[in-house]
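*Asks:* Submitted below is the structure of interest, expressed as structure tokens.
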Amino acid sequence: QVQLVESGGGLVQAGGSLRLSCTASGRIFRLDAMGWYRQAPGKQRELVASITYSGLTNYPDSVKGRFTISRDNAKNTVYLQMNSLKPEDTAVYYCNAYVFGKQYWGQGTQVTVSS
């Protein structure tokens, strides 16, 4: 089993920044692709950012230029630096990771951006 634990969420004013972290533990040989998703009330879960083991990244247009995903493979940790936050970024943010082709999810961390 693999466990993912997120941290770093909270309340921030519009225009502010937050940094999320997600650390994996358990039966890990190598974490493959990792990512961050978010889900706002009444909406579907959506991809925010993803990163391969080698560091290739992908972002939707809604966060491109504002959010940066990175990872530290030695620490089994993925980060999401969020700048210029907007009220529409308010959501529960979930960490996601693939290990041997199986997908794992964290419990989620709340991010609230006030206007």
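By order of appearance in the structure tokens: chains A, B, ..., then residues from 1 within every chain, and ligands from 1 in the order shown.
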Excluding A:Thr23 and its own-chain neighbours fewer than 6 positions away, which residues fall within 9 Å of it when counting only C-alpha atoms? Please give them as number ranges by chain.
*Replies:* A: 3-7, 75-79, 95
*Asks:* Can you spit out the residues from that selection as a tab-separated table (two decimals), in the first residue's frame, using N, CA, C and O atoms?
*Replies:*
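Below is the file that was written, result25.tsv:
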```tsv
chain	number	residue	atom	x	y	z
A	3	GLN	N	0.63	5.45	0.82
A	3	GLN	CA	-0.14	6.53	1.44
A	3	GLN	C	0.41	7.87	0.95
A	3	GLN	O	1.63	8.06	0.87
A	4	LEU	N	-0.50	8.78	0.66
A	4	LEU	CA	-0.15	10.14	0.25
A	4	LEU	C	-0.73	11.11	1.27
A	4	LEU	O	-1.93	11.04	1.57
A	5	VAL	N	0.10	11.99	1.78
A	5	VAL	CA	-0.34	12.96	2.77
A	5	VAL	C	-0.02	14.36	2.27
A	5	VAL	O	1.15	14.70	2.04
A	6	GLU	N	-1.09	15.18	2.12
A	6	GLU	CA	-0.92	16.55	1.66
A	6	GLU	C	-0.82	17.51	2.84
A	6	GLU	O	-1.35	17.23	3.92
A	7	SER	N	-0.19	18.63	2.60
A	7	SER	CA	-0.14	19.71	3.58
A	7	SER	C	0.04	21.03	2.85
A	7	SER	O	0.41	21.05	1.68
A	75	LYS	N	12.89	12.33	-1.78
A	75	LYS	CA	12.00	12.48	-0.63
A	75	LYS	C	10.59	11.97	-0.92
A	75	LYS	O	9.71	12.10	-0.06
A	76	ASN	N	10.37	11.42	-2.11
A	76	ASN	CA	9.03	10.95	-2.51
A	76	ASN	C	7.98	12.04	-2.29
A	76	ASN	O	6.88	11.77	-1.79
A	77	THR	N	8.32	13.24	-2.67
A	77	THR	CA	7.47	14.40	-2.41
A	77	THR	C	7.24	15.20	-3.68
A	77	THR	O	8.16	15.37	-4.48
A	78	VAL	N	6.01	15.66	-3.83
A	78	VAL	CA	5.65	16.55	-4.92
A	78	VAL	C	5.12	17.84	-4.33
A	78	VAL	O	4.49	17.84	-3.26
A	79	TYR	N	5.41	18.94	-4.99
A	79	TYR	CA	5.03	20.27	-4.51
A	79	TYR	C	4.16	20.97	-5.56
A	79	TYR	O	4.26	20.69	-6.76
A	95	CYS	N	-3.63	15.22	-4.00
A	95	CYS	CA	-2.40	14.69	-4.56
A	95	CYS	C	-2.69	13.33	-5.19
A	95	CYS	O	-3.53	12.56	-4.70
```
*Asks:* Please identify all polymer residues within 12 Å of A:Gly42, counting only C-alpha atoms, omitting same-chain residues fewer than 4 positions from it, and present them as a list in words.
*Replies:*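 Contacts, with the query itself left out: Arg38, Ala91 and Val92 of chain A.
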*Asks:* Would you return as a PDB file with all heavy atoms, in the first residue's frame the members of stretch 32-89 of chain A that DSSP assigns to strand (DSSP E) on this structure's backbone?
*Replies:*
```pdb
ATOM      1  N   MET A  34       3.160  11.946 -11.022  1.00  0.00           N
ATOM      2  CA  MET A  34       2.461  12.516  -9.870  1.00  0.00           C
ATOM      3  C   MET A  34       1.710  13.750 -10.325  1.00  0.00           C
ATOM      4  O   MET A  34       2.047  14.354 -11.355  1.00  0.00           O
ATOM      5  CB  MET A  34       3.446  12.865  -8.760  1.00  0.00           C
ATOM      6  CG  MET A  34       4.255  11.687  -8.271  1.00  0.00           C
ATOM      7  SD  MET A  34       5.286  12.099  -6.855  1.00  0.00           S
ATOM      8  CE  MET A  34       4.051  12.152  -5.541  1.00  0.00           C
ATOM      9  N   GLY A  35       0.718  14.121  -9.552  1.00  0.00           N
ATOM     10  CA  GLY A  35      -0.046  15.286  -9.966  1.00  0.00           C
ATOM     11  C   GLY A  35      -0.894  15.843  -8.853  1.00  0.00           C
ATOM     12  O   GLY A  35      -0.975  15.277  -7.760  1.00  0.00           O
ATOM     13  N   TRP A  36      -1.479  16.972  -9.165  1.00  0.00           N
ATOM     14  CA  TRP A  36      -2.438  17.624  -8.285  1.00  0.00           C
ATOM     15  C   TRP A  36      -3.742  17.815  -9.032  1.00  0.00           C
ATOM     16  O   TRP A  36      -3.746  18.232 -10.202  1.00  0.00           O
ATOM     17  CB  TRP A  36      -1.917  18.986  -7.825  1.00  0.00           C
ATOM     18  CG  TRP A  36      -0.760  18.907  -6.887  1.00  0.00           C
ATOM     19  CD1 TRP A  36       0.562  18.937  -7.196  1.00  0.00           C
ATOM     20  CD2 TRP A  36      -0.834  18.771  -5.463  1.00  0.00           C
ATOM     21  NE1 TRP A  36       1.319  18.836  -6.057  1.00  0.00           N
ATOM     22  CE2 TRP A  36       0.487  18.748  -4.979  1.00  0.00           C
ATOM     23  CE3 TRP A  36      -1.880  18.700  -4.541  1.00  0.00           C
ATOM     24  CZ2 TRP A  36       0.794  18.631  -3.626  1.00  0.00           C
ATOM     25  CZ3 TRP A  36      -1.578  18.584  -3.203  1.00  0.00           C
ATOM     26  CH2 TRP A  36      -0.261  18.545  -2.747  1.00  0.00           C
ATOM     27  N   TYR A  37      -4.821  17.501  -8.358  1.00  0.00           N
ATOM     28  CA  TYR A  37      -6.164  17.730  -8.865  1.00  0.00           C
ATOM     29  C   TYR A  37      -6.897  18.599  -7.860  1.00  0.00           C
ATOM     30  O   TYR A  37      -6.475  18.736  -6.709  1.00  0.00           O
ATOM     31  CB  TYR A  37      -6.917  16.399  -9.026  1.00  0.00           C
ATOM     32  CG  TYR A  37      -6.450  15.550 -10.175  1.00  0.00           C
ATOM     33  CD1 TYR A  37      -5.219  14.910 -10.129  1.00  0.00           C
ATOM     34  CD2 TYR A  37      -7.251  15.380 -11.305  1.00  0.00           C
ATOM     35  CE1 TYR A  37      -4.789  14.117 -11.189  1.00  0.00           C
ATOM     36  CE2 TYR A  37      -6.829  14.595 -12.366  1.00  0.00           C
ATOM     37  CZ  TYR A  37      -5.603  13.963 -12.296  1.00  0.00           C
ATOM     38  OH  TYR A  37      -5.184  13.186 -13.344  1.00  0.00           O
ATOM     39  N   ARG A  38      -8.007  19.181  -8.284  1.00  0.00           N
ATOM     40  CA  ARG A  38      -8.838  19.944  -7.353  1.00  0.00           C
ATOM     41  C   ARG A  38     -10.307  19.706  -7.654  1.00  0.00           C
ATOM     42  O   ARG A  38     -10.681  19.376  -8.778  1.00  0.00           O
ATOM     43  CB  ARG A  38      -8.511  21.435  -7.424  1.00  0.00           C
ATOM     44  CG  ARG A  38      -8.896  22.124  -8.735  1.00  0.00           C
ATOM     45  CD  ARG A  38      -8.394  23.546  -8.728  1.00  0.00           C
ATOM     46  NE  ARG A  38      -8.737  24.241  -9.975  1.00  0.00           N
ATOM     47  CZ  ARG A  38      -8.279  25.450 -10.290  1.00  0.00           C
ATOM     48  NH1 ARG A  38      -7.465  26.096  -9.460  1.00  0.00           N
ATOM     49  NH2 ARG A  38      -8.629  26.010 -11.430  1.00  0.00           N
ATOM     50  N   GLN A  39     -11.092  19.882  -6.618  1.00  0.00           N
ATOM     51  CA  GLN A  39     -12.544  19.730  -6.768  1.00  0.00           C
ATOM     52  C   GLN A  39     -13.238  20.803  -5.953  1.00  0.00           C
ATOM     53  O   GLN A  39     -13.097  20.858  -4.723  1.00  0.00           O
ATOM     54  CB  GLN A  39     -12.997  18.340  -6.308  1.00  0.00           C
ATOM     55  CG  GLN A  39     -14.448  18.055  -6.613  1.00  0.00           C
ATOM     56  CD  GLN A  39     -14.790  16.590  -6.471  1.00  0.00           C
ATOM     57  OE1 GLN A  39     -14.085  15.825  -5.822  1.00  0.00           O
ATOM     58  NE2 GLN A  39     -15.875  16.179  -7.096  1.00  0.00           N
ATOM     59  N   GLU A  46     -10.768  18.102 -11.291  1.00  0.00           N
ATOM     60  CA  GLU A  46     -10.034  18.468 -12.492  1.00  0.00           C
ATOM     61  C   GLU A  46      -8.538  18.480 -12.235  1.00  0.00           C
ATOM     62  O   GLU A  46      -8.081  18.752 -11.124  1.00  0.00           O
ATOM     63  CB  GLU A  46     -10.465  19.855 -12.994  1.00  0.00           C
ATOM     64  CG  GLU A  46     -10.194  20.988 -12.032  1.00  0.00           C
ATOM     65  CD  GLU A  46     -10.556  22.353 -12.604  1.00  0.00           C
ATOM     66  OE1 GLU A  46     -10.965  22.434 -13.770  1.00  0.00           O
ATOM     67  OE2 GLU A  46     -10.405  23.349 -11.864  1.00  0.00           O
ATOM     68  N   LEU A  47      -7.786  18.203 -13.295  1.00  0.00           N
ATOM     69  CA  LEU A  47      -6.339  18.227 -13.205  1.00  0.00           C
ATOM     70  C   LEU A  47      -5.849  19.659 -13.059  1.00  0.00           C
ATOM     71  O   LEU A  47      -6.287  20.560 -13.768  1.00  0.00           O
ATOM     72  CB  LEU A  47      -5.723  17.607 -14.461  1.00  0.00           C
ATOM     73  CG  LEU A  47      -4.203  17.668 -14.564  1.00  0.00           C
ATOM     74  CD1 LEU A  47      -3.551  16.770 -13.532  1.00  0.00           C
ATOM     75  CD2 LEU A  47      -3.753  17.300 -15.973  1.00  0.00           C
ATOM     76  N   VAL A  48      -4.899  19.842 -12.147  1.00  0.00           N
ATOM     77  CA  VAL A  48      -4.274  21.148 -11.943  1.00  0.00           C
ATOM     78  C   VAL A  48      -2.854  21.150 -12.506  1.00  0.00           C
ATOM     79  O   VAL A  48      -2.417  22.119 -13.111  1.00  0.00           O
ATOM     80  CB  VAL A  48      -4.247  21.512 -10.448  1.00  0.00           C
ATOM     81  CG1 VAL A  48      -3.480  22.809 -10.224  1.00  0.00           C
ATOM     82  CG2 VAL A  48      -5.663  21.636  -9.901  1.00  0.00           C
ATOM     83  N   ALA A  49      -2.137  20.071 -12.272  1.00  0.00           N
ATOM     84  CA  ALA A  49      -0.766  19.966 -12.760  1.00  0.00           C
ATOM     85  C   ALA A  49      -0.309  18.526 -12.642  1.00  0.00           C
ATOM     86  O   ALA A  49      -0.744  17.815 -11.740  1.00  0.00           O
ATOM     87  CB  ALA A  49       0.176  20.878 -11.968  1.00  0.00           C
ATOM     88  N   SER A  50       0.579  18.131 -13.536  1.00  0.00           N
ATOM     89  CA  SER A  50       1.149  16.802 -13.451  1.00  0.00           C
ATOM     90  C   SER A  50       2.625  16.863 -13.791  1.00  0.00           C
ATOM     91  O   SER A  50       3.089  17.800 -14.463  1.00  0.00           O
ATOM     92  CB  SER A  50       0.438  15.825 -14.400  1.00  0.00           C
ATOM     93  OG  SER A  50       0.631  16.198 -15.744  1.00  0.00           O
ATOM     94  N   ILE A  51       3.364  15.852 -13.316  1.00  0.00           N
ATOM     95  CA  ILE A  51       4.805  15.813 -13.543  1.00  0.00           C
ATOM     96  C   ILE A  51       5.249  14.358 -13.643  1.00  0.00           C
ATOM     97  O   ILE A  51       4.838  13.517 -12.846  1.00  0.00           O
ATOM     98  CB  ILE A  51       5.559  16.571 -12.426  1.00  0.00           C
ATOM     99  CG1 ILE A  51       7.051  16.649 -12.723  1.00  0.00           C
ATOM    100  CG2 ILE A  51       5.290  15.958 -11.052  1.00  0.00           C
ATOM    101  CD1 ILE A  51       7.792  17.642 -11.826  1.00  0.00           C
ATOM    102  N   THR A  57       6.361  18.455 -17.224  1.00  0.00           N
ATOM    103  CA  THR A  57       5.169  18.980 -16.566  1.00  0.00           C
ATOM    104  C   THR A  57       4.052  19.293 -17.559  1.00  0.00           C
ATOM    105  O   THR A  57       4.289  19.475 -18.753  1.00  0.00           O
ATOM    106  CB  THR A  57       5.496  20.261 -15.786  1.00  0.00           C
ATOM    107  OG1 THR A  57       6.018  21.243 -16.692  1.00  0.00           O
ATOM    108  CG2 THR A  57       6.529  19.983 -14.705  1.00  0.00           C
ATOM    109  N   ASN A  58       2.850  19.370 -17.014  1.00  0.00           N
ATOM    110  CA  ASN A  58       1.667  19.667 -17.820  1.00  0.00           C
ATOM    111  C   ASN A  58       0.686  20.458 -16.968  1.00  0.00           C
ATOM    112  O   ASN A  58       0.487  20.125 -15.782  1.00  0.00           O
ATOM    113  CB  ASN A  58       1.004  18.386 -18.317  1.00  0.00           C
ATOM    114  CG  ASN A  58      -0.210  18.671 -19.164  1.00  0.00           C
ATOM    115  OD1 ASN A  58      -0.145  19.407 -20.131  1.00  0.00           O
ATOM    116  ND2 ASN A  58      -1.340  18.090 -18.791  1.00  0.00           N
ATOM    117  N   PHE A  67       0.794  28.524 -11.527  1.00  0.00           N
ATOM    118  CA  PHE A  67       1.114  27.371 -10.691  1.00  0.00           C
ATOM    119  C   PHE A  67       2.349  26.663 -11.241  1.00  0.00           C
ATOM    120  O   PHE A  67       2.552  26.602 -12.451  1.00  0.00           O
ATOM    121  CB  PHE A  67      -0.044  26.367 -10.672  1.00  0.00           C
ATOM    122  CG  PHE A  67      -1.272  26.819  -9.954  1.00  0.00           C
ATOM    123  CD1 PHE A  67      -1.439  28.122  -9.517  1.00  0.00           C
ATOM    124  CD2 PHE A  67      -2.305  25.914  -9.710  1.00  0.00           C
ATOM    125  CE1 PHE A  67      -2.587  28.529  -8.849  1.00  0.00           C
ATOM    126  CE2 PHE A  67      -3.459  26.306  -9.046  1.00  0.00           C
ATOM    127  CZ  PHE A  67      -3.593  27.611  -8.619  1.00  0.00           C
ATOM    128  N   THR A  68       3.154  26.119 -10.327  1.00  0.00           N
ATOM    129  CA  THR A  68       4.336  25.363 -10.718  1.00  0.00           C
ATOM    130  C   THR A  68       4.400  24.085  -9.905  1.00  0.00           C
ATOM    131  O   THR A  68       4.385  24.123  -8.668  1.00  0.00           O
ATOM    132  CB  THR A  68       5.619  26.177 -10.490  1.00  0.00           C
ATOM    133  OG1 THR A  68       5.555  27.397 -11.229  1.00  0.00           O
ATOM    134  CG2 THR A  68       6.836  25.388 -10.947  1.00  0.00           C
ATOM    135  N   ILE A  69       4.491  22.963 -10.595  1.00  0.00           N
ATOM    136  CA  ILE A  69       4.637  21.672  -9.926  1.00  0.00           C
ATOM    137  C   ILE A  69       6.098  21.257  -9.985  1.00  0.00           C
ATOM    138  O   ILE A  69       6.801  21.504 -10.973  1.00  0.00           O
ATOM    139  CB  ILE A  69       3.725  20.603 -10.584  1.00  0.00           C
ATOM    140  CG1 ILE A  69       3.720  19.317  -9.758  1.00  0.00           C
ATOM    141  CG2 ILE A  69       4.126  20.339 -12.027  1.00  0.00           C
ATOM    142  CD1 ILE A  69       2.673  18.301 -10.217  1.00  0.00           C
ATOM    143  N   SER A  70       6.560  20.640  -8.906  1.00  0.00           N
ATOM    144  CA  SER A  70       7.928  20.132  -8.862  1.00  0.00           C
ATOM    145  C   SER A  70       7.935  18.896  -7.969  1.00  0.00           C
ATOM    146  O   SER A  70       6.961  18.629  -7.260  1.00  0.00           O
ATOM    147  CB  SER A  70       8.895  21.198  -8.334  1.00  0.00           C
ATOM    148  OG  SER A  70       8.535  21.594  -7.022  1.00  0.00           O
ATOM    149  N   ARG A  71       9.022  18.172  -8.006  1.00  0.00           N
ATOM    150  CA  ARG A  71       9.105  16.963  -7.190  1.00  0.00           C
ATOM    151  C   ARG A  71      10.531  16.730  -6.737  1.00  0.00           C
ATOM    152  O   ARG A  71      11.492  17.148  -7.395  1.00  0.00           O
ATOM    153  CB  ARG A  71       8.570  15.751  -7.945  1.00  0.00           C
ATOM    154  CG  ARG A  71       9.334  15.378  -9.176  1.00  0.00           C
ATOM    155  CD  ARG A  71       8.602  14.296  -9.986  1.00  0.00           C
ATOM    156  NE  ARG A  71       8.606  12.997  -9.300  1.00  0.00           N
ATOM    157  CZ  ARG A  71       7.872  11.960  -9.707  1.00  0.00           C
ATOM    158  NH1 ARG A  71       7.062  12.074 -10.753  1.00  0.00           N
ATOM    159  NH2 ARG A  71       7.935  10.806  -9.054  1.00  0.00           N
ATOM    160  N   ASP A  72      10.634  16.044  -5.599  1.00  0.00           N
ATOM    161  CA  ASP A  72      11.915  15.622  -5.068  1.00  0.00           C
ATOM    162  C   ASP A  72      11.842  14.106  -4.955  1.00  0.00           C
ATOM    163  O   ASP A  72      11.228  13.568  -4.029  1.00  0.00           O
ATOM    164  CB  ASP A  72      12.160  16.269  -3.697  1.00  0.00           C
ATOM    165  CG  ASP A  72      13.541  15.949  -3.136  1.00  0.00           C
ATOM    166  OD1 ASP A  72      14.096  14.889  -3.456  1.00  0.00           O
ATOM    167  OD2 ASP A  72      14.043  16.763  -2.356  1.00  0.00           O
ATOM    168  N   THR A  77       8.322  13.236  -2.671  1.00  0.00           N
ATOM    169  CA  THR A  77       7.470  14.396  -2.405  1.00  0.00           C
ATOM    170  C   THR A  77       7.238  15.196  -3.682  1.00  0.00           C
ATOM    171  O   THR A  77       8.162  15.375  -4.482  1.00  0.00           O
ATOM    172  CB  THR A  77       8.104  15.294  -1.332  1.00  0.00           C
ATOM    173  OG1 THR A  77       8.229  14.545  -0.114  1.00  0.00           O
ATOM    174  CG2 THR A  77       7.252  16.519  -1.065  1.00  0.00           C
ATOM    175  N   VAL A  78       6.011  15.655  -3.827  1.00  0.00           N
ATOM    176  CA  VAL A  78       5.653  16.551  -4.924  1.00  0.00           C
ATOM    177  C   VAL A  78       5.117  17.842  -4.325  1.00  0.00           C
ATOM    178  O   VAL A  78       4.492  17.839  -3.259  1.00  0.00           O
ATOM    179  CB  VAL A  78       4.617  15.894  -5.867  1.00  0.00           C
ATOM    180  CG1 VAL A  78       3.307  15.620  -5.142  1.00  0.00           C
ATOM    181  CG2 VAL A  78       4.390  16.739  -7.103  1.00  0.00           C
ATOM    182  N   TYR A  79       5.412  18.943  -4.990  1.00  0.00           N
ATOM    183  CA  TYR A  79       5.029  20.268  -4.515  1.00  0.00           C
ATOM    184  C   TYR A  79       4.161  20.965  -5.562  1.00  0.00           C
ATOM    185  O   TYR A  79       4.261  20.688  -6.757  1.00  0.00           O
ATOM    186  CB  TYR A  79       6.259  21.125  -4.248  1.00  0.00           C
ATOM    187  CG  TYR A  79       7.264  20.496  -3.322  1.00  0.00           C
ATOM    188  CD1 TYR A  79       8.365  19.802  -3.829  1.00  0.00           C
ATOM    189  CD2 TYR A  79       7.131  20.584  -1.942  1.00  0.00           C
ATOM    190  CE1 TYR A  79       9.299  19.211  -2.991  1.00  0.00           C
ATOM    191  CE2 TYR A  79       8.054  19.997  -1.095  1.00  0.00           C
ATOM    192  CZ  TYR A  79       9.137  19.311  -1.624  1.00  0.00           C
ATOM    193  OH  TYR A  79      10.055  18.729  -0.784  1.00  0.00           O
ATOM    194  N   LEU A  80       3.348  21.894  -5.086  1.00  0.00           N
ATOM    195  CA  LEU A  80       2.599  22.762  -5.989  1.00  0.00           C
ATOM    196  C   LEU A  80       2.708  24.182  -5.457  1.00  0.00           C
ATOM    197  O   LEU A  80       2.146  24.502  -4.411  1.00  0.00           O
ATOM    198  CB  LEU A  80       1.135  22.343  -6.086  1.00  0.00           C
ATOM    199  CG  LEU A  80       0.303  23.145  -7.085  1.00  0.00           C
ATOM    200  CD1 LEU A  80       0.774  22.853  -8.513  1.00  0.00           C
ATOM    201  CD2 LEU A  80      -1.180  22.841  -6.946  1.00  0.00           C
ATOM    202  N   GLN A  81       3.453  25.008  -6.165  1.00  0.00           N
ATOM    203  CA  GLN A  81       3.559  26.414  -5.822  1.00  0.00           C
ATOM    204  C   GLN A  81       2.465  27.159  -6.565  1.00  0.00           C
ATOM    205  O   GLN A  81       2.402  27.113  -7.801  1.00  0.00           O
ATOM    206  CB  GLN A  81       4.933  26.973  -6.218  1.00  0.00           C
ATOM    207  CG  GLN A  81       5.115  28.448  -5.950  1.00  0.00           C
ATOM    208  CD  GLN A  81       5.105  28.778  -4.472  1.00  0.00           C
ATOM    209  OE1 GLN A  81       5.723  28.086  -3.671  1.00  0.00           O
ATOM    210  NE2 GLN A  81       4.407  29.840  -4.107  1.00  0.00           N
ATOM    211  N   MET A  82       1.604  27.829  -5.816  1.00  0.00           N
ATOM    212  CA  MET A  82       0.465  28.529  -6.403  1.00  0.00           C
ATOM    213  C   MET A  82       0.616  30.018  -6.139  1.00  0.00           C
ATOM    214  O   MET A  82       0.635  30.450  -4.982  1.00  0.00           O
ATOM    215  CB  MET A  82      -0.838  28.016  -5.804  1.00  0.00           C
ATOM    216  CG  MET A  82      -1.024  26.517  -5.944  1.00  0.00           C
ATOM    217  SD  MET A  82      -2.625  25.941  -5.365  1.00  0.00           S
ATOM    218  CE  MET A  82      -2.461  26.238  -3.604  1.00  0.00           C
TER     219      MET A  82
END
```
*Asks:* Which of these residues is nearest to A:Arg30, using only C-alpha atoms: A:Tyr93, A:Leu11, A:Val2, A:Val113?
*Replies:*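 Checking each of A:Tyr93, A:Leu11, A:Val2, A:Val113 against A:Arg30, counting only C-alpha atoms, the winner is A:Val2.
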*Asks:* Which residues are near A:Ala74? Cut-off 12 Å, only C-alpha atoms, ignore same chain within fewer than 5 positions. Put them as number ranges by chain.
*Replies:* A: 23-25, 28-31, 53
*Asks:* Just want the 8 Å neighbourhood of A:Leu18, counted on only C-alpha atoms, with same-chain residues fewer than 2 positions away dropped. Output as a PDB file with N, CA and C atoms, in the first residue's frame.
*Replies:*
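The resulting result.pdb:
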```
ATOM      1  N   GLY A   8      -0.238  22.119   3.580  1.00  0.00           N
ATOM      2  CA  GLY A   8       0.015  23.441   3.020  1.00  0.00           C
ATOM      3  C   GLY A   8      -1.201  24.219   2.599  1.00  0.00           C
ATOM      4  N   GLY A   9      -2.374  23.627   2.692  1.00  0.00           N
ATOM      5  CA  GLY A   9      -3.569  24.376   2.334  1.00  0.00           C
ATOM      6  C   GLY A   9      -3.894  25.436   3.370  1.00  0.00           C
ATOM      7  N   GLY A  10      -4.890  26.241   3.056  1.00  0.00           N
ATOM      8  CA  GLY A  10      -5.303  27.275   3.997  1.00  0.00           C
ATOM      9  C   GLY A  10      -6.092  28.364   3.337  1.00  0.00           C
ATOM     10  N   VAL A  12      -6.217  32.272   1.988  1.00  0.00           N
ATOM     11  CA  VAL A  12      -5.338  33.323   1.481  1.00  0.00           C
ATOM     12  C   VAL A  12      -6.171  34.327   0.707  1.00  0.00           C
ATOM     13  N   GLY A  16      -2.536  36.279  -3.499  1.00  0.00           N
ATOM     14  CA  GLY A  16      -1.547  35.672  -2.635  1.00  0.00           C
ATOM     15  C   GLY A  16      -1.010  34.355  -3.170  1.00  0.00           C
ATOM     16  N   LEU A  20       1.718  23.835  -1.672  1.00  0.00           N
ATOM     17  CA  LEU A  20       1.240  22.547  -1.202  1.00  0.00           C
ATOM     18  C   LEU A  20       2.360  21.514  -1.314  1.00  0.00           C
ATOM     19  N   GLN A  81       3.453  25.008  -6.165  1.00  0.00           N
ATOM     20  CA  GLN A  81       3.559  26.414  -5.822  1.00  0.00           C
ATOM     21  C   GLN A  81       2.465  27.159  -6.565  1.00  0.00           C
ATOM     22  N   MET A  82       1.604  27.829  -5.816  1.00  0.00           N
ATOM     23  CA  MET A  82       0.465  28.529  -6.403  1.00  0.00           C
ATOM     24  C   MET A  82       0.616  30.018  -6.139  1.00  0.00           C
ATOM     25  N   ASN A  83       0.748  30.784  -7.206  1.00  0.00           N
ATOM     26  CA  ASN A  83       0.886  32.238  -7.114  1.00  0.00           C
ATOM     27  C   ASN A  83      -0.307  32.915  -7.774  1.00  0.00           C
TER      28      ASN A  83
END
```
*Asks:* How many Å separate atom CA of A:Tyr59 from atom CA of A:Asn73?
*Replies:*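 Result for atom CA of A:Tyr59 versus atom CA of A:Asn73: 20.0 Å, one decimal.
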*Asks:* Give me the residues near A:Ala97 as number ranges by chain, where near means some atom within 6 Å (using only C-alpha atoms) and where sequence neighbours in that chain fewer than 4 positions away do not count.
*Replies:* A: 33-34, 103-104
*Asks:* Have a look at A:Tyr94, A:Gln44, A:Gly26, A:Gly15 and name the one nearest to A:Ser115; count only C-alpha atoms.
*Replies:*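 Closest to A:Ser115, using only C-alpha atoms: A:Gly15.
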*Asks:* What does the distance from atom CA of A:Gln107 to atom CA of A:Pro60 come to in Å, to one decimal?
*Replies:*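 The value is 22.3 Å.
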